[in-house]
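**Student:** First the structure, then my questions, so here it is.
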Amino acid sequence: MRKLLVLAIVLLMASGALFANAEKEAGSAWSLDKNVEWVVTSSAGGGSSIFTQNIVEIIKSEGLTDEDIIINYKTDGGGAIGRRAVGVAKTNGHTLLTFNSGDLKPMVTQEGGDLDNVTPLAIMALDGQIILVHKDYKYQTIEEIIKALDSGERLLMGGSKADDEAIYTAMLSEIGGDMEYIRSDSTGEALTQLLGGHVDLAIAKPAASFDLVSSGELVCVATASSSRFTGAFDAPTFDELGYDIKFQIYRGVVGPKDMPAEAVAFWSDVLKKVSETAAWNDNYINKFLLVSNPLVGEDARVYMQNFEDLFLGQ
């Protein structure tokens with residue numbers, strides 16, 4: 001009898017433990033419970049790096065997450081290695097990727113991928129592009145540069161991947177002349193080439209070149225946007241000169257293809273909150289002459305899809 005009583009108590013305790021665990025699992029929700037890896041496919045110091053660093057600093061200062069976010073630069077293969085690694089990551093929502101139009105274009109036109117390889121989380125801003133020369137370069141205006149090309153002079157142009165190269169291609173088509181493109185892993189590297197006199201011109205964004213242009217080391221000679229920038233970046237648009245050369249890129253964030261829905265909602269909310277802070281708008285958007293364009297979740301996917309269709313000629 002005593003053995004039967006002991007067995008009954010053991011079975012009752014085991015059943016209670018099982019029910020307790022089941023209730024705990026049923027009531028548990030996804031949460032950020034370890035460090036986050038944030039991958040950037042361009043080198044440190046470029047526009048993508050500045051974009052990411054600003055977001056991470058605001059997330060930390062605003063207390064939007066309790067875990068640390070570690071930025072990891074994966075530039076091999078023009079960023080293809082980093083994009084693929086994030087796309088297939090099984091980290092339960094603990095991996096992010098800075099994903100601009102300059103990442104999307106090679107992914108869909110060269111790497112055999114598309115937006116289904118990732119999970120769009122947010123579009124944070126729109127960025128423009130500019131043409132720069134060194135302060136001591138022999139040509140200090142875009143008109144002088146075009147004249148030199150018309151006369152047959154060969155010029156070397158530096159820039160990073162994808163969106164910068166699209167401006168170079170457009171210039172070849174619209175202006176013509178003998179130009180060669182020197183591709184770097186980031187805008188920062190392209191600017192180093194320009195400072196060292198290894199290229200004649202460089203394509204950049206205001207964020208990556210802000211200090212160098214503001215200090216007068218580099219001179220902005222043209223803007224590949226629909227309107228001029230202000231201050232030290234005030235230069236003619238290609239439209240003003242009669243050339244159809246303009247390309248406004250987006251700056252966004254994505255996660256792995258199989259990111260849990262709860263993680264998608266969490267990060268979309270965090271990034272939306274970042275976009276609403278004074279630090280983001282004053283110290284990033286306004287300082288670096290970007291256009292605020294916060295879109296999250298499905299709205300971000302639709303926006304990126306429009307770019308994918310453009311790149312594929314659809």
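Starting from 1 in every chain, residues are counted up; chains themselves are A, B, ... following the order of the structure tokens, and ligands are numbered from 1 as listed.
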Using DSSP assignments from the backbone, pull out every residue in segment 166-309 of chain A that falls under alpha helix (DSSP H) and give it to me as a VMD selection string.

**Tutor:** chain A and resid 166 to 174 187 to 195 206 to 214 261 to 275 278 to 280 298 to 309

**Student:** Write out the residues from the selection above, keeping C-alpha atoms, as a PDB file, in the first residue's frame.

**Tutor:**
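out-v1.pdb, written as the output of this step:
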ATOM      1  CA  ALA A 166      25.258  53.738 -61.437  1.00  0.00           C
ATOM      2  CA  ILE A 167      26.128  57.454 -61.440  1.00  0.00           C
ATOM      3  CA  TYR A 168      29.369  56.713 -63.297  1.00  0.00           C
ATOM      4  CA  THR A 169      27.466  54.677 -65.885  1.00  0.00           C
ATOM      5  CA  ALA A 170      24.926  57.482 -66.301  1.00  0.00           C
ATOM      6  CA  MET A 171      27.726  60.023 -66.772  1.00  0.00           C
ATOM      7  CA  LEU A 172      29.311  57.849 -69.455  1.00  0.00           C
ATOM      8  CA  SER A 173      25.974  57.631 -71.236  1.00  0.00           C
ATOM      9  CA  GLU A 174      24.943  61.274 -70.879  1.00  0.00           C
ATOM     10  CA  THR A 187      32.916  55.635 -50.008  1.00  0.00           C
ATOM     11  CA  GLY A 188      35.514  56.249 -47.314  1.00  0.00           C
ATOM     12  CA  GLU A 189      38.089  54.288 -49.287  1.00  0.00           C
ATOM     13  CA  ALA A 190      37.168  56.140 -52.471  1.00  0.00           C
ATOM     14  CA  LEU A 191      37.718  59.456 -50.711  1.00  0.00           C
ATOM     15  CA  THR A 192      41.112  58.271 -49.505  1.00  0.00           C
ATOM     16  CA  GLN A 193      41.970  57.570 -53.149  1.00  0.00           C
ATOM     17  CA  LEU A 194      40.883  61.102 -54.050  1.00  0.00           C
ATOM     18  CA  LEU A 195      42.889  62.690 -51.234  1.00  0.00           C
ATOM     19  CA  PRO A 206      27.248  64.031 -48.028  1.00  0.00           C
ATOM     20  CA  ALA A 207      27.455  61.898 -44.861  1.00  0.00           C
ATOM     21  CA  ALA A 208      30.681  60.122 -45.792  1.00  0.00           C
ATOM     22  CA  SER A 209      32.342  63.292 -47.104  1.00  0.00           C
ATOM     23  CA  PHE A 210      30.897  65.801 -44.644  1.00  0.00           C
ATOM     24  CA  ASP A 211      34.062  66.652 -42.677  1.00  0.00           C
ATOM     25  CA  LEU A 212      36.314  66.756 -45.742  1.00  0.00           C
ATOM     26  CA  VAL A 213      33.981  69.039 -47.708  1.00  0.00           C
ATOM     27  CA  SER A 214      33.176  71.238 -44.714  1.00  0.00           C
ATOM     28  CA  ALA A 261       7.350  37.431 -36.722  1.00  0.00           C
ATOM     29  CA  GLU A 262       7.780  38.618 -33.118  1.00  0.00           C
ATOM     30  CA  ALA A 263      11.355  39.707 -33.887  1.00  0.00           C
ATOM     31  CA  VAL A 264      10.206  41.510 -37.040  1.00  0.00           C
ATOM     32  CA  ALA A 265       7.639  43.445 -35.002  1.00  0.00           C
ATOM     33  CA  PHE A 266      10.196  44.192 -32.276  1.00  0.00           C
ATOM     34  CA  TRP A 267      12.898  45.547 -34.581  1.00  0.00           C
ATOM     35  CA  SER A 268      10.428  47.463 -36.747  1.00  0.00           C
ATOM     36  CA  ASP A 269       9.181  49.188 -33.606  1.00  0.00           C
ATOM     37  CA  VAL A 270      12.716  49.919 -32.362  1.00  0.00           C
ATOM     38  CA  LEU A 271      13.735  51.432 -35.698  1.00  0.00           C
ATOM     39  CA  LYS A 272      10.552  53.499 -35.885  1.00  0.00           C
ATOM     40  CA  LYS A 273      11.325  54.889 -32.430  1.00  0.00           C
ATOM     41  CA  VAL A 274      14.875  55.712 -33.545  1.00  0.00           C
ATOM     42  CA  SER A 275      13.504  57.676 -36.519  1.00  0.00           C
ATOM     43  CA  ALA A 278      15.773  64.359 -31.986  1.00  0.00           C
ATOM     44  CA  ALA A 279      19.211  62.746 -32.089  1.00  0.00           C
ATOM     45  CA  TRP A 280      18.386  60.951 -35.334  1.00  0.00           C
ATOM     46  CA  GLU A 298       5.349  45.808 -45.098  1.00  0.00           C
ATOM     47  CA  ASP A 299       5.646  49.461 -46.170  1.00  0.00           C
ATOM     48  CA  ALA A 300       9.438  49.043 -46.217  1.00  0.00           C
ATOM     49  CA  ARG A 301       9.127  45.853 -48.261  1.00  0.00           C
ATOM     50  CA  VAL A 302       6.907  47.562 -50.854  1.00  0.00           C
ATOM     51  CA  TYR A 303       9.388  50.452 -51.160  1.00  0.00           C
ATOM     52  CA  MET A 304      12.331  48.086 -51.631  1.00  0.00           C
ATOM     53  CA  GLN A 305      10.317  46.022 -54.115  1.00  0.00           C
ATOM     54  CA  ASN A 306       9.893  49.099 -56.306  1.00  0.00           C
ATOM     55  CA  PHE A 307      13.687  49.404 -56.455  1.00  0.00           C
ATOM     56  CA  GLU A 308      14.057  45.697 -57.223  1.00  0.00           C
ATOM     57  CA  ASP A 309      11.622  46.038 -60.108  1.00  0.00           C
TER      58      ASP A 309
END

**Student:** List the spatial neighbours of segment 223-228 of chain A as an MDAnalysis selection string - criterion: any atom at most 7 Å away, only C-alpha atoms, same-chain residues fewer than 3 positions off excluded.

**Tutor:** chainID A and resid 128:131 234:238 245:248

**Student:** Could the residues in this selection be written to a file with N, CA and C atoms, as a JSON list (two decimals), in the first residue's frame?

**Tutor:**
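The result, written out as out_3.json:
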[["chain", "number", "residue", "atom", "x", "y", "z"],
["A", 128, "GLY", "N", 21.34, 61.38, -51.21],
["A", 128, "GLY", "CA", 21.73, 61.84, -52.53],
["A", 128, "GLY", "C", 23.20, 61.62, -52.79],
["A", 129, "GLN", "N", 23.64, 61.90, -54.01],
["A", 129, "GLN", "CA", 25.03, 61.69, -54.37],
["A", 129, "GLN", "C", 25.63, 62.93, -55.01],
["A", 130, "ILE", "N", 26.93, 63.06, -54.84],
["A", 130, "ILE", "CA", 27.64, 64.24, -55.29],
["A", 130, "ILE", "C", 28.95, 63.83, -55.99],
["A", 131, "ILE", "N", 29.49, 64.75, -56.78],
["A", 131, "ILE", "CA", 30.79, 64.56, -57.42],
["A", 131, "ILE", "C", 31.79, 65.49, -56.75],
["A", 234, "ASP", "N", 26.66, 73.00, -51.85],
["A", 234, "ASP", "CA", 25.87, 73.68, -52.88],
["A", 234, "ASP", "C", 26.63, 73.66, -54.21],
["A", 235, "ALA", "N", 26.10, 72.89, -55.15],
["A", 235, "ALA", "CA", 26.73, 72.77, -56.47],
["A", 235, "ALA", "C", 25.64, 72.47, -57.49],
["A", 236, "PRO", "N", 25.88, 72.75, -58.77],
["A", 236, "PRO", "CA", 24.84, 72.54, -59.78],
["A", 236, "PRO", "C", 24.38, 71.08, -59.84],
["A", 237, "THR", "N", 23.10, 70.89, -60.08],
["A", 237, "THR", "CA", 22.61, 69.55, -60.37],
["A", 237, "THR", "C", 22.88, 69.25, -61.84],
["A", 238, "PHE", "N", 22.94, 67.98, -62.16],
["A", 238, "PHE", "CA", 23.12, 67.62, -63.57],
["A", 238, "PHE", "C", 21.92, 68.06, -64.40],
["A", 245, "ILE", "N", 20.82, 62.87, -65.07],
["A", 245, "ILE", "CA", 21.62, 62.05, -64.15],
["A", 245, "ILE", "C", 21.17, 62.34, -62.73],
["A", 246, "LYS", "N", 20.40, 61.47, -62.17],
["A", 246, "LYS", "CA", 19.99, 61.62, -60.77],
["A", 246, "LYS", "C", 19.58, 60.25, -60.25],
["A", 247, "PHE", "N", 19.93, 60.04, -59.01],
["A", 247, "PHE", "CA", 19.65, 58.74, -58.40],
["A", 247, "PHE", "C", 19.62, 58.93, -56.89],
["A", 248, "GLN", "N", 18.46, 58.77, -56.29],
["A", 248, "GLN", "CA", 18.31, 58.91, -54.85],
["A", 248, "GLN", "C", 18.23, 57.52, -54.23]]

**Student:** Select, from A:Tyr284, A:Tyr250, A:Trp38, A:Tyr181, the residue with the minimum atom-to-atom distance to Lys105 of chain A, counting only C-alpha atoms.

**Tutor:**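 Result for the nearest residue to Lys105 of chain A: A:Tyr250.
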
**Student:** Name the residues of segment 38-287 of chain A that come out as strand (DSSP E) in a backbone DSSP run; write them as a PyMOL selection string.

**Tutor:** chain A and resi 38-40+69-73+95-98+118-127+130-134+154-159+178-183+201-204+218-223+249-256

**Student:** Identify, on the basis of only C-alpha atoms, every residue whose closest approach to segment 107-112 of chain A does not exceed 12 Å; exclude the query and any residue fewer than 3 positions from it along the same chain; express the result as a ChimeraX atom specification.

**Tutor:** /A:41,77-84,87,99-104,115-118,161-162,304-305,307-313

**Student:** Could you take the residues named above and write them with N, CA and C atoms, as a PDB file, in the first residue's frame?

**Tutor:**
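Resulting contents of part-v4.pdb:
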ATOM      1  N   THR A  41      28.021  45.720 -45.071  1.00  0.00           N
ATOM      2  CA  THR A  41      28.776  45.144 -46.187  1.00  0.00           C
ATOM      3  C   THR A  41      29.748  46.120 -46.827  1.00  0.00           C
ATOM      4  N   GLY A  77      33.736  39.863 -51.372  1.00  0.00           N
ATOM      5  CA  GLY A  77      32.861  39.637 -52.523  1.00  0.00           C
ATOM      6  C   GLY A  77      31.968  40.815 -52.817  1.00  0.00           C
ATOM      7  N   GLY A  78      32.448  42.040 -52.536  1.00  0.00           N
ATOM      8  CA  GLY A  78      31.622  43.220 -52.757  1.00  0.00           C
ATOM      9  C   GLY A  78      30.407  43.263 -51.851  1.00  0.00           C
ATOM     10  N   GLY A  79      30.501  42.568 -50.704  1.00  0.00           N
ATOM     11  CA  GLY A  79      29.387  42.529 -49.754  1.00  0.00           C
ATOM     12  C   GLY A  79      28.505  41.307 -49.902  1.00  0.00           C
ATOM     13  N   ALA A  80      28.727  40.526 -50.964  1.00  0.00           N
ATOM     14  CA  ALA A  80      27.874  39.355 -51.217  1.00  0.00           C
ATOM     15  C   ALA A  80      27.941  38.341 -50.081  1.00  0.00           C
ATOM     16  N   ILE A  81      29.139  38.151 -49.512  1.00  0.00           N
ATOM     17  CA  ILE A  81      29.306  37.186 -48.431  1.00  0.00           C
ATOM     18  C   ILE A  81      28.467  37.585 -47.215  1.00  0.00           C
ATOM     19  N   GLY A  82      28.501  38.869 -46.884  1.00  0.00           N
ATOM     20  CA  GLY A  82      27.724  39.358 -45.746  1.00  0.00           C
ATOM     21  C   GLY A  82      26.228  39.245 -45.965  1.00  0.00           C
ATOM     22  N   ARG A  83      25.775  39.599 -47.174  1.00  0.00           N
ATOM     23  CA  ARG A  83      24.345  39.514 -47.472  1.00  0.00           C
ATOM     24  C   ARG A  83      23.842  38.074 -47.380  1.00  0.00           C
ATOM     25  N   ARG A  84      24.614  37.146 -47.932  1.00  0.00           N
ATOM     26  CA  ARG A  84      24.206  35.747 -47.889  1.00  0.00           C
ATOM     27  C   ARG A  84      24.210  35.205 -46.467  1.00  0.00           C
ATOM     28  N   GLY A  87      21.150  36.448 -44.722  1.00  0.00           N
ATOM     29  CA  GLY A  87      19.940  35.871 -45.291  1.00  0.00           C
ATOM     30  C   GLY A  87      19.620  34.500 -44.749  1.00  0.00           C
ATOM     31  N   PHE A  99      21.022  47.584 -45.222  1.00  0.00           N
ATOM     32  CA  PHE A  99      20.652  47.142 -46.568  1.00  0.00           C
ATOM     33  C   PHE A  99      20.141  48.324 -47.367  1.00  0.00           C
ATOM     34  N   ASN A 100      21.048  48.888 -48.160  1.00  0.00           N
ATOM     35  CA  ASN A 100      20.704  50.043 -48.977  1.00  0.00           C
ATOM     36  C   ASN A 100      20.424  49.602 -50.411  1.00  0.00           C
ATOM     37  N   SER A 101      20.021  50.536 -51.246  1.00  0.00           N
ATOM     38  CA  SER A 101      19.805  50.200 -52.649  1.00  0.00           C
ATOM     39  C   SER A 101      21.101  49.696 -53.278  1.00  0.00           C
ATOM     40  N   GLY A 102      22.240  50.110 -52.727  1.00  0.00           N
ATOM     41  CA  GLY A 102      23.530  49.631 -53.204  1.00  0.00           C
ATOM     42  C   GLY A 102      23.797  48.183 -52.851  1.00  0.00           C
ATOM     43  N   ASP A 103      23.049  47.624 -51.907  1.00  0.00           N
ATOM     44  CA  ASP A 103      23.113  46.196 -51.600  1.00  0.00           C
ATOM     45  C   ASP A 103      22.106  45.424 -52.441  1.00  0.00           C
ATOM     46  N   LEU A 104      20.930  46.010 -52.628  1.00  0.00           N
ATOM     47  CA  LEU A 104      19.876  45.324 -53.367  1.00  0.00           C
ATOM     48  C   LEU A 104      20.255  45.117 -54.837  1.00  0.00           C
ATOM     49  N   LEU A 115      14.453  40.014 -52.840  1.00  0.00           N
ATOM     50  CA  LEU A 115      14.013  40.408 -51.507  1.00  0.00           C
ATOM     51  C   LEU A 115      13.508  39.238 -50.674  1.00  0.00           C
ATOM     52  N   ASP A 116      13.156  38.123 -51.321  1.00  0.00           N
ATOM     53  CA  ASP A 116      12.720  36.960 -50.567  1.00  0.00           C
ATOM     54  C   ASP A 116      13.862  36.320 -49.783  1.00  0.00           C
ATOM     55  N   ASN A 117      15.099  36.751 -50.057  1.00  0.00           N
ATOM     56  CA  ASN A 117      16.253  36.231 -49.328  1.00  0.00           C
ATOM     57  C   ASN A 117      16.425  36.883 -47.961  1.00  0.00           C
ATOM     58  N   VAL A 118      15.710  37.972 -47.731  1.00  0.00           N
ATOM     59  CA  VAL A 118      15.826  38.706 -46.463  1.00  0.00           C
ATOM     60  C   VAL A 118      14.436  39.107 -45.975  1.00  0.00           C
ATOM     61  N   LYS A 161      30.534  50.545 -54.497  1.00  0.00           N
ATOM     62  CA  LYS A 161      29.791  49.616 -55.355  1.00  0.00           C
ATOM     63  C   LYS A 161      28.396  50.135 -55.681  1.00  0.00           C
ATOM     64  N   ALA A 162      27.824  49.564 -56.710  1.00  0.00           N
ATOM     65  CA  ALA A 162      26.404  49.661 -57.059  1.00  0.00           C
ATOM     66  C   ALA A 162      25.905  51.071 -57.327  1.00  0.00           C
ATOM     67  N   MET A 304      11.167  48.790 -51.095  1.00  0.00           N
ATOM     68  CA  MET A 304      12.331  48.086 -51.631  1.00  0.00           C
ATOM     69  C   MET A 304      11.971  47.320 -52.896  1.00  0.00           C
ATOM     70  N   GLN A 305      10.746  46.785 -52.940  1.00  0.00           N
ATOM     71  CA  GLN A 305      10.317  46.022 -54.115  1.00  0.00           C
ATOM     72  C   GLN A 305      10.279  46.905 -55.353  1.00  0.00           C
ATOM     73  N   PHE A 307      12.303  49.313 -55.998  1.00  0.00           N
ATOM     74  CA  PHE A 307      13.687  49.404 -56.455  1.00  0.00           C
ATOM     75  C   PHE A 307      14.112  48.113 -57.147  1.00  0.00           C
ATOM     76  N   GLU A 308      13.703  46.973 -56.589  1.00  0.00           N
ATOM     77  CA  GLU A 308      14.057  45.697 -57.223  1.00  0.00           C
ATOM     78  C   GLU A 308      13.487  45.625 -58.631  1.00  0.00           C
ATOM     79  N   ASP A 309      12.243  46.037 -58.783  1.00  0.00           N
ATOM     80  CA  ASP A 309      11.622  46.038 -60.108  1.00  0.00           C
ATOM     81  C   ASP A 309      12.367  46.961 -61.057  1.00  0.00           C
ATOM     82  N   LEU A 310      12.817  48.121 -60.533  1.00  0.00           N
ATOM     83  CA  LEU A 310      13.575  49.063 -61.355  1.00  0.00           C
ATOM     84  C   LEU A 310      14.887  48.447 -61.821  1.00  0.00           C
ATOM     85  N   PHE A 311      15.592  47.788 -60.899  1.00  0.00           N
ATOM     86  CA  PHE A 311      16.872  47.194 -61.240  1.00  0.00           C
ATOM     87  C   PHE A 311      16.728  46.054 -62.248  1.00  0.00           C
ATOM     88  N   LEU A 312      15.619  45.357 -62.180  1.00  0.00           N
ATOM     89  CA  LEU A 312      15.390  44.236 -63.091  1.00  0.00           C
ATOM     90  C   LEU A 312      14.706  44.656 -64.383  1.00  0.00           C
ATOM     91  N   GLY A 313      14.420  45.968 -64.496  1.00  0.00           N
ATOM     92  CA  GLY A 313      13.799  46.481 -65.700  1.00  0.00           C
ATOM     93  C   GLY A 313      12.348  46.075 -65.865  1.00  0.00           C
TER      94      GLY A 313
END
